[in-house]
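Worksheet for the structure shown next.
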Protein chains: 2
Amino acid sequence: MKRTSRDIRTANRYEVLRHVIAESPAVSRQHLASATGLSLATVATLVGELLHLGAITEVGYEDSDGGRPRGLVAVNAQGGALIGVDVAETYIHVEVFDLSLTVLARADEELRPERPGEREPRQVIARIAAAVRAVVEAAAIPDDRVLGVGVSMPGQVDREGGVSVFAPNWDWHDVPVLDLLAEHLPYPLHLDNPLRACTVAELWFGAARGREHAVVVNLGTGVGAGLALGGTLHRGASNSAGEWGHTTLVLDGRVCHCGAHGCVESYVGAPGIMQNLRELSPGSPLLHPDDQTATVEALGRALADGDPVAVKTVRDTARYLGAGLADLVNLLNPEVIVLSSWVAAGLGEPLLTEVRAAVAGRALRRPLASTEIVLSPIPTNPVSLGAATFALEGWLASTGRKSRTNTSTTAAAMIRSTPS
Amino acid sequence: MKRTSRDIRTANRYEVLRHVIAESPAVSRQHLASATGLSLATVATLVGELLHLGAITEVGYEDSDGGRPRGLVAVNAQGGALIGVDVAETYIHVEVFDLSLTVLARADEELRPERPGEREPRQVIARIAAAVRAVVEAAAIPDDRVLGVGVSMPGQVDREGGVSVFAPNWDWHDVPVLDLLAEHLPYPLHLDNPLRACTVAELWFGAARGREHAVVVNLGTGVGAGLALGGTLHRGASNSAGEWGHTTLVLDGRVCHCGAHGCVESYVGAPGIMQNLRELSPGSPLLHPDDQTATVEALGRALADGDPVAVKTVRDTARYLGAGLADLVNLLNPEVIVLSSWVAAGLGEPLLTEVRAAVAGRALRRPLASTEIVLSPIPTNPVSLGAATFALEGWLASTGRKSRTNTSTTAAAMIRSTPS
Ligand SMILES: [Zn+2]
Ligand SMILES: [Zn+2]
C-alpha cells in the first residue's frame, strides 16, 4: 500500500485550500473544520502550513456570538502564478493564473500536424516553451513567482517520469517532454493528460467539488471517464485508469480505432455521433464529412430549431451514452457524473435531458437514486485550468519547503497585468 | 468530503494489523514501517493502540546487526473471538474465528425458501441467532470475549442502518436485520453483502493483500465486482458500488432478471453459463436443467477429460467474461483481478487460462501490462471470513475504547475448542 502519512497530509492540505477557495471571500478555521470533517486542531495546523507557504492570508475577524472573534483566512491571490498548458493535436493553449485561479494572460499557438516538421517533438516543445514565455511576459511575472507549469498532452502519459508514452495523433513514443521543456524553462514542471486535467479541474473548482465520489465524463473526439473517488483522482496502477471509451457497449459492434469492437467511444465520440447521424440520414445537410466540429455545431443549432433529424440523432446517441453512463452508475455508485468537453457543451441541455432519461431507464434503482448527472459548470477551458491545478498540487505537495521568496515586493508587480 | 482524521487513523490501524497477520509469526515495528510506508513514529503509535486493544502482543526481540535488539509483535490469537455469518438463499453458514482468523467452530442451517414460513424475516433471524449461539457454545467462548458478529446477506444492504433493503430471493424489503438480531444476541453486530465480504476477505487475507488497487470478481449465480481501491473498499455513495453484473456487454442482448438487456451477468453468471451451453449443445448431458451447481460441476469434470462441448462452453463464456474484465482493466487499471466464488472454483484453471487470453486480446496495452488475473487463494468460505472481518474492522474502529475485559484469564478458556 502506498498511502503514507505524507500523502494524507498533502491530501488534507488540498482539501483545506479547496474549501478556502470555495468559501471566498473569507472563512474561519472553525468553518473549515466542519466543512472538511477534520478536527479543529488538524485544520489549524494545515492553515498554518498554507499561511507559511503564502497560499492563503489572514484577512480579519468575524464575530462569534459573544465568544472570541474568529480569525478569517482567504486565498492569497498574489501568492504566486500558476501556468496551465493545453496541448492538443492542432493547437497549444496557455493560461497563467494567480492563486485564486483567475486568468492573468493567455497565449495560443496553432499546430499543423499535417506538416511533419510541426509534430516533431523538439519543434512542438519549443513552441510550448515560447508560448509559456509569452504569457509570463504579458502578465509581467518575475521568474521566481512562477510556482509551476502543468502541461496536458493527449494520449498515454508517464506522469512521474514526465514522458509522453504514446501520443497517437503525432505518433510520439516515449518522448521525454519535461526533460526537453526543462532546457527552455526554469520552472517546476508537471505532465498529465486532458482527461485527468478536466477531472482535477472539476474536483477543485467544478461540479465534483465537495463530492466524495464523482465521475467526469469527457465527450470529445475521444471519450474517457475521470474518476474522483474518495475525494482524490483515481489514477490506477500505471496512471491509465479512466479508459471508459474503450469499454464494450456492443459486443462485436462497430470497429474502434483501438482495434477492438463495440467500444463506447465508437458510438458517442464525435466520429461516433457522425456515424449515428449518417446511419439515420446519410444525406443530411447537418453532416460535414471530415469536420467533426462543424457537424456537432450544426447539430447543436438544429436542435435549438427542433429539427427532427438532429433530435433523433441526439436521442440515438443518448441511448448509447445512457447505457454507458448507467454502467458507471452501477459499477461505481458516484454522487455525480459531470459531462465535460466540447461535444457536451455543443449539444448541451437537449443531450443532458435525453441522457438522464436513458440512464434512468437502465441503471439499478439504488445507485441511480444517489447520482446526479450535470453539465460541467466550468466556464473556461477546463484542460488548462486542470493543468494549472497540477502545478498547484505539486507546489502544495512540496511539504515543509519554504516559500522561495518573500512575496511582499513581487506581489504588487505580479498583478499589474489585466486579465484578458 | 467524509474522510476524517479518525477514518485515516482507522485505515492505518487496519493496515498495520493486516501486515502483522501477514508477517506471522512475528514482525518488528521497523519492518512494519517499511512495509506500510508509514513513519516509524506513526507505526509505534498504532502498534501501541493495537497492543492496548489486545489485538496483538509482544513476543520477544530480534537482533539487528549490532544495534539495539528490536521488539517483535504478533497477532494475539487469544485476544477475542469473531463470528462470520454467511446467509444465502438455501443455507446459513456460521464460523467462529480467533484473532488470527483461524476457525474454532462451524455451524450450518438449511433454509427451504420454497416454504413461505422459512423465509419470513423473524424466522430466518431466529435461525441465524441459534446458529451463532451454537458456535459460541461449541468453542466455549464467554460472551464478553465475542468482539463482534458480521452477517452477510444477499441483495441490497443499508450497512449503517443494519437493514436488508431488498433481498430478491426472499422478497424482503427494508427488514431491520440487526435490530431483530439484537433481540437474541448481546454482541456488536455488523451487516453487509457477500460481494463486499469476499472483497474484504481478499484485501485482508487473499490476493488483494498489499495491492493498492484490486478488483474481486464474484462468479456465482449472480456476479459482481468488489472494488478495493487505494487499499480500502470502495462502497460508493449508497454502499451499492460493484454492480458490474448489471453493466452492458451486449446492447439489446439477453434479457437480464434486473429488467435490462445484455448485462454481463446474463452471460457469465451460472444461469448465463447454462444458456451458453444450451446454445452450443441443447441436448448435452452436461446440462442439468434447474440445477446450476450440478451443471457447473459437470462442466468442471468434463473439462478435466477434455470434453469438446465443455471446452467450447468455457471458451464461449471466457469470451464474454474476458470482454467484461477488459472493461474493468481499461476503466480501473487495477494491479490484480481476483476471480472468486463457486463458479470460479468449479471451472478453475481452464477458465482462468481462457479468460487471460480473452482479456489480452481486448484490453488496452498499458493498463493490461500492470494487471494480473488470478483465482482466489482463500481456501475456506470467503464470505464468512469476510463477514468476520467486518466484525474485526468494527472492533478496530472503536478508537480509544478499552479492551472490555482483561484477556489473561478468559483466553485459556477460549481456545479449548479444536478447529473443526
Ligand atoms: Zn476502443
Ligand atoms: Zn442486469
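Chain lettering (A, B, ...) mirrors the order of the C-alpha cells, residue numbering begins at 1 for each chain separately, and ligand numbering begins at 1 in order of display.
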DSSP strand (DSSP E) selection over range 51-149 of chain B, as an MDAnalysis selection string: chainID B and resid 56:62 70:75 81:87 91:98 103:110 146:149
Could you list, with a cut-off of 6 Å and counting only C-alpha atoms and all ligand atoms, the residues of chain B near ligand 2, each shown with its nearest atom pair and the distance in Å rounded to one decimal, rows sorted by chain and ascending number, as CSV?
residue,atom,partner,partner_atom_place_in_ligand_line,distance
B:His246,CA,ligand 2,1 (Zn),3.9
B:Cys256,CA,ligand 2,1 (Zn),4.5
B:His257,CA,ligand 2,1 (Zn),5.9
B:Cys258,CA,ligand 2,1 (Zn),4.3
B:Ala260,CA,ligand 2,1 (Zn),5.3
B:Cys263,CA,ligand 2,1 (Zn),4.6
Given a cut-off of 6 Å, which residues of chain B touch chain A, counting only C-alpha atoms, written out as a ChimeraX atom specification? /B:1,4-5,37-38,210-212,236-237,241-244,247-251,327,330-335
Identify, with DSSP run on backbone atoms, the residues in range 25-176 of chain A assigned to alpha helix (DSSP H), and express the list as a PDB file with N, CA and C atoms, in the first residue's frame.
ATOM      1  N   ARG A  29     -11.353  29.066  10.601  1.00  0.00           N
ATOM      2  CA  ARG A  29     -10.857  27.701  10.827  1.00  0.00           C
ATOM      3  C   ARG A  29     -11.994  26.789  11.300  1.00  0.00           C
ATOM      4  N   GLN A  30     -12.881  27.365  12.116  1.00  0.00           N
ATOM      5  CA  GLN A  30     -14.000  26.577  12.646  1.00  0.00           C
ATOM      6  C   GLN A  30     -14.889  26.083  11.503  1.00  0.00           C
ATOM      7  N   HIS A  31     -15.163  26.995  10.568  1.00  0.00           N
ATOM      8  CA  HIS A  31     -15.995  26.607   9.437  1.00  0.00           C
ATOM      9  C   HIS A  31     -15.283  25.556   8.578  1.00  0.00           C
ATOM     10  N   LEU A  32     -13.972  25.737   8.386  1.00  0.00           N
ATOM     11  CA  LEU A  32     -13.201  24.758   7.597  1.00  0.00           C
ATOM     12  C   LEU A  32     -13.252  23.386   8.254  1.00  0.00           C
ATOM     13  N   ALA A  33     -13.184  23.367   9.588  1.00  0.00           N
ATOM     14  CA  ALA A  33     -13.221  22.086  10.293  1.00  0.00           C
ATOM     15  C   ALA A  33     -14.557  21.393  10.048  1.00  0.00           C
ATOM     16  N   SER A  34     -15.645  22.148  10.152  1.00  0.00           N
ATOM     17  CA  SER A  34     -16.938  21.464   9.967  1.00  0.00           C
ATOM     18  C   SER A  34     -17.147  21.098   8.500  1.00  0.00           C
ATOM     19  N   ALA A  35     -16.593  21.897   7.574  1.00  0.00           N
ATOM     20  CA  ALA A  35     -16.771  21.581   6.146  1.00  0.00           C
ATOM     21  C   ALA A  35     -15.953  20.368   5.716  1.00  0.00           C
ATOM     22  N   THR A  36     -14.779  20.176   6.334  1.00  0.00           N
ATOM     23  CA  THR A  36     -13.903  19.091   5.884  1.00  0.00           C
ATOM     24  C   THR A  36     -14.051  17.819   6.713  1.00  0.00           C
ATOM     25  N   LEU A  40     -10.505  20.520  14.558  1.00  0.00           N
ATOM     26  CA  LEU A  40     -10.088  21.927  14.542  1.00  0.00           C
ATOM     27  C   LEU A  40      -8.565  22.024  14.678  1.00  0.00           C
ATOM     28  N   ALA A  41      -7.979  21.119  15.475  1.00  0.00           N
ATOM     29  CA  ALA A  41      -6.524  21.150  15.663  1.00  0.00           C
ATOM     30  C   ALA A  41      -5.804  20.850  14.350  1.00  0.00           C
ATOM     31  N   THR A  42      -6.297  19.827  13.624  1.00  0.00           N
ATOM     32  CA  THR A  42      -5.697  19.491  12.332  1.00  0.00           C
ATOM     33  C   THR A  42      -5.835  20.648  11.356  1.00  0.00           C
ATOM     34  N   VAL A  43      -7.025  21.242  11.325  1.00  0.00           N
ATOM     35  CA  VAL A  43      -7.247  22.373  10.419  1.00  0.00           C
ATOM     36  C   VAL A  43      -6.308  23.520  10.774  1.00  0.00           C
ATOM     37  N   ALA A  44      -6.145  23.777  12.059  1.00  0.00           N
ATOM     38  CA  ALA A  44      -5.274  24.882  12.468  1.00  0.00           C
ATOM     39  C   ALA A  44      -3.844  24.638  11.986  1.00  0.00           C
ATOM     40  N   THR A  45      -3.373  23.394  12.092  1.00  0.00           N
ATOM     41  CA  THR A  45      -2.038  23.060  11.598  1.00  0.00           C
ATOM     42  C   THR A  45      -1.940  23.272  10.090  1.00  0.00           C
ATOM     43  N   LEU A  46      -2.949  22.773   9.366  1.00  0.00           N
ATOM     44  CA  LEU A  46      -2.926  22.882   7.903  1.00  0.00           C
ATOM     45  C   LEU A  46      -3.001  24.346   7.467  1.00  0.00           C
ATOM     46  N   VAL A  47      -3.830  25.120   8.151  1.00  0.00           N
ATOM     47  CA  VAL A  47      -3.942  26.545   7.835  1.00  0.00           C
ATOM     48  C   VAL A  47      -2.592  27.222   8.080  1.00  0.00           C
ATOM     49  N   GLY A  48      -1.933  26.827   9.170  1.00  0.00           N
ATOM     50  CA  GLY A  48      -0.607  27.373   9.449  1.00  0.00           C
ATOM     51  C   GLY A  48       0.378  27.079   8.313  1.00  0.00           C
ATOM     52  N   GLU A  49       0.337  25.844   7.802  1.00  0.00           N
ATOM     53  CA  GLU A  49       1.233  25.470   6.693  1.00  0.00           C
ATOM     54  C   GLU A  49       0.915  26.291   5.435  1.00  0.00           C
ATOM     55  N   LEU A  50      -0.373  26.446   5.157  1.00  0.00           N
ATOM     56  CA  LEU A  50      -0.771  27.195   3.954  1.00  0.00           C
ATOM     57  C   LEU A  50      -0.402  28.678   4.088  1.00  0.00           C
ATOM     58  N   LEU A  51      -0.520  29.212   5.304  1.00  0.00           N
ATOM     59  CA  LEU A  51      -0.093  30.599   5.546  1.00  0.00           C
ATOM     60  C   LEU A  51       1.407  30.722   5.314  1.00  0.00           C
ATOM     61  N   HIS A  52       2.145  29.736   5.832  1.00  0.00           N
ATOM     62  CA  HIS A  52       3.593  29.748   5.701  1.00  0.00           C
ATOM     63  C   HIS A  52       4.022  29.679   4.225  1.00  0.00           C
ATOM     64  N   LEU A  53       3.310  28.857   3.447  1.00  0.00           N
ATOM     65  CA  LEU A  53       3.607  28.746   2.018  1.00  0.00           C
ATOM     66  C   LEU A  53       3.239  30.029   1.270  1.00  0.00           C
ATOM     67  N   PRO A 121       8.970  16.259 -31.992  1.00  0.00           N
ATOM     68  CA  PRO A 121       8.971  16.617 -30.571  1.00  0.00           C
ATOM     69  C   PRO A 121       9.682  17.925 -30.227  1.00  0.00           C
ATOM     70  N   ARG A 122      10.949  18.106 -30.685  1.00  0.00           N
ATOM     71  CA  ARG A 122      11.686  19.305 -30.281  1.00  0.00           C
ATOM     72  C   ARG A 122      10.994  20.575 -30.771  1.00  0.00           C
ATOM     73  N   GLN A 123      10.399  20.471 -31.931  1.00  0.00           N
ATOM     74  CA  GLN A 123       9.667  21.604 -32.515  1.00  0.00           C
ATOM     75  C   GLN A 123       8.439  21.961 -31.658  1.00  0.00           C
ATOM     76  N   VAL A 124       7.662  20.933 -31.308  1.00  0.00           N
ATOM     77  CA  VAL A 124       6.461  21.170 -30.500  1.00  0.00           C
ATOM     78  C   VAL A 124       6.853  21.731 -29.124  1.00  0.00           C
ATOM     79  N   ILE A 125       7.885  21.147 -28.533  1.00  0.00           N
ATOM     80  CA  ILE A 125       8.331  21.587 -27.211  1.00  0.00           C
ATOM     81  C   ILE A 125       8.787  23.053 -27.256  1.00  0.00           C
ATOM     82  N   ALA A 126       9.518  23.414 -28.308  1.00  0.00           N
ATOM     83  CA  ALA A 126       9.988  24.798 -28.426  1.00  0.00           C
ATOM     84  C   ALA A 126       8.789  25.753 -28.539  1.00  0.00           C
ATOM     85  N   ARG A 127       7.748  25.330 -29.242  1.00  0.00           N
ATOM     86  CA  ARG A 127       6.540  26.170 -29.372  1.00  0.00           C
ATOM     87  C   ARG A 127       5.840  26.318 -28.017  1.00  0.00           C
ATOM     88  N   ILE A 128       5.793  25.210 -27.251  1.00  0.00           N
ATOM     89  CA  ILE A 128       5.181  25.289 -25.914  1.00  0.00           C
ATOM     90  C   ILE A 128       5.965  26.283 -25.056  1.00  0.00           C
ATOM     91  N   ALA A 129       7.291  26.127 -25.063  1.00  0.00           N
ATOM     92  CA  ALA A 129       8.134  26.992 -24.232  1.00  0.00           C
ATOM     93  C   ALA A 129       7.952  28.456 -24.617  1.00  0.00           C
ATOM     94  N   ALA A 130       7.877  28.719 -25.910  1.00  0.00           N
ATOM     95  CA  ALA A 130       7.705  30.098 -26.369  1.00  0.00           C
ATOM     96  C   ALA A 130       6.374  30.667 -25.886  1.00  0.00           C
ATOM     97  N   ALA A 131       5.338  29.851 -25.933  1.00  0.00           N
ATOM     98  CA  ALA A 131       4.016  30.320 -25.507  1.00  0.00           C
ATOM     99  C   ALA A 131       4.008  30.592 -24.000  1.00  0.00           C
ATOM    100  N   VAL A 132       4.696  29.759 -23.229  1.00  0.00           N
ATOM    101  CA  VAL A 132       4.781  29.972 -21.780  1.00  0.00           C
ATOM    102  C   VAL A 132       5.527  31.276 -21.494  1.00  0.00           C
ATOM    103  N   ARG A 133       6.675  31.432 -22.161  1.00  0.00           N
ATOM    104  CA  ARG A 133       7.443  32.671 -22.023  1.00  0.00           C
ATOM    105  C   ARG A 133       6.561  33.885 -22.319  1.00  0.00           C
ATOM    106  N   ALA A 134       5.748  33.767 -23.356  1.00  0.00           N
ATOM    107  CA  ALA A 134       4.900  34.887 -23.785  1.00  0.00           C
ATOM    108  C   ALA A 134       3.895  35.278 -22.696  1.00  0.00           C
ATOM    109  N   VAL A 135       3.252  34.293 -22.064  1.00  0.00           N
ATOM    110  CA  VAL A 135       2.266  34.669 -21.040  1.00  0.00           C
ATOM    111  C   VAL A 135       2.939  35.216 -19.786  1.00  0.00           C
ATOM    112  N   VAL A 136       4.102  34.668 -19.438  1.00  0.00           N
ATOM    113  CA  VAL A 136       4.810  35.179 -18.255  1.00  0.00           C
ATOM    114  C   VAL A 136       5.166  36.643 -18.486  1.00  0.00           C
ATOM    115  N   GLU A 137       5.606  36.931 -19.698  1.00  0.00           N
ATOM    116  CA  GLU A 137       5.970  38.297 -20.037  1.00  0.00           C
ATOM    117  C   GLU A 137       4.732  39.204 -20.086  1.00  0.00           C
ATOM    118  N   ALA A 138       3.674  38.707 -20.717  1.00  0.00           N
ATOM    119  CA  ALA A 138       2.445  39.506 -20.845  1.00  0.00           C
ATOM    120  C   ALA A 138       1.896  39.862 -19.470  1.00  0.00           C
TER     121      ALA A 138
END
List as a ChimeraX atom specification the protein and nucleic acid residues near range 95-98 of chain A, meaning an atom at most 9 Å away when only C-alpha atoms are counted, but skip any in the same chain fewer than 3 places from it. /A:76-86,101-108,132,135-136,139,149,384-385,388,414-415
Those residues you just picked out, can you put them in a file as a compact mmCIF listing (two decimals), in the first residue's frame with C-alpha atoms?
# COMPACT_ATOMS: atom_id res chain seq x y z
CA ASN A 76 -3.62 34.88 -1.30
CA ALA A 77 -4.23 35.58 -4.98
CA GLN A 78 -0.86 37.36 -5.20
CA GLY A 79 0.99 34.43 -3.61
CA GLY A 80 2.36 33.27 -6.95
CA ALA A 81 1.49 32.36 -10.52
CA LEU A 82 0.48 29.02 -11.99
CA ILE A 83 0.65 28.15 -15.67
CA GLY A 84 -1.64 25.69 -17.44
CA VAL A 85 -0.80 24.37 -20.91
CA ASP A 86 -3.36 22.53 -23.05
CA LEU A 101 -7.15 30.75 -10.32
CA THR A 102 -8.10 33.95 -12.11
CA VAL A 103 -6.62 34.13 -15.60
CA LEU A 104 -3.97 36.86 -15.92
CA ALA A 105 -2.95 36.25 -19.54
CA ARG A 106 -3.42 33.79 -22.39
CA ALA A 107 -1.48 32.70 -25.47
CA ASP A 108 -2.37 30.47 -28.41
CA VAL A 132 4.78 29.97 -21.78
CA VAL A 135 2.27 34.67 -21.04
CA VAL A 136 4.81 35.18 -18.25
CA ALA A 139 1.48 39.20 -17.19
CA VAL A 149 3.76 24.81 -15.09
CA SER A 384 -5.60 24.47 -18.99
CA LEU A 385 -7.29 25.12 -15.63
CA ALA A 388 -2.51 24.67 -13.72
CA MET A 414 2.62 40.46 -10.48
CA ILE A 415 -0.89 41.75 -10.68
Using only C-alpha atoms, which residues sit within 12 Å of Asp179 in chain B once same-chain residues fewer than 4 positions away are excluded, as a list in words?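 My list of contacting residues is Pro121, Arg122, Ile125, Glu160, Gly161, Gly162, Val163, Ser164, Asp174, Val175, Glu183, His184, Leu185, Pro186, Tyr187, Pro188, Leu189, His190 and Leu191 of chain B.
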Which value, in Å to one decimal, gives the distance between CA of Pro289 in chain A and CA of Asn276 in chain A?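 Taking CA of Pro289 in chain A and CA of Asn276 in chain A, their separation equals 13.0 Å.
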Thr317 in chain B environment, 8 Å, only C-alpha atoms, sequence neighbours closer than 4 positions dropped, as a list in words: Tyr267, Val268, Ile273, Asn276, Thr313 and Leu321 of chain B
Could you take the residues named above and write them with N, CA, C and O atoms, as a short mmCIF file (atom, residue, chain, number, x, y, z; two decimals), in the first residue's frame?
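Output (again18.cif):
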data_model
loop_
_atom_site.label_atom_id
_atom_site.label_comp_id
_atom_site.auth_asym_id
_atom_site.auth_seq_id
_atom_site.Cartn_x
_atom_site.Cartn_y
_atom_site.Cartn_z
N TYR B 267 -24.57 -13.44 -19.14
CA TYR B 267 -23.66 -14.25 -19.96
C TYR B 267 -22.67 -15.06 -19.13
O TYR B 267 -22.19 -16.08 -19.58
N VAL B 268 -22.35 -14.57 -17.93
CA VAL B 268 -21.28 -15.23 -17.17
C VAL B 268 -21.69 -15.67 -15.77
O VAL B 268 -20.90 -16.30 -15.07
N ILE B 273 -24.09 -19.19 -18.00
CA ILE B 273 -23.21 -20.25 -18.50
C ILE B 273 -24.06 -21.43 -18.98
O ILE B 273 -23.77 -22.03 -20.03
N ASN B 276 -25.19 -20.51 -22.29
CA ASN B 276 -24.12 -20.67 -23.28
C ASN B 276 -24.00 -22.14 -23.71
O ASN B 276 -23.85 -22.44 -24.91
N THR B 313 -17.80 -24.53 -24.32
CA THR B 313 -18.66 -23.73 -23.45
C THR B 313 -17.83 -22.77 -22.60
O THR B 313 -18.17 -21.60 -22.44
N LEU B 321 -16.73 -13.15 -20.55
CA LEU B 321 -16.10 -12.74 -19.30
C LEU B 321 -14.86 -11.90 -19.57
O LEU B 321 -14.62 -10.88 -18.90
#
All residues 9 Å or closer to range 306-312 of chain A, only C-alpha atoms, same chain fewer than 4 positions away omitted, as a VMD selection string: chain A and resid 277 280 to 281 284 286 298 to 302 316 to 317 350
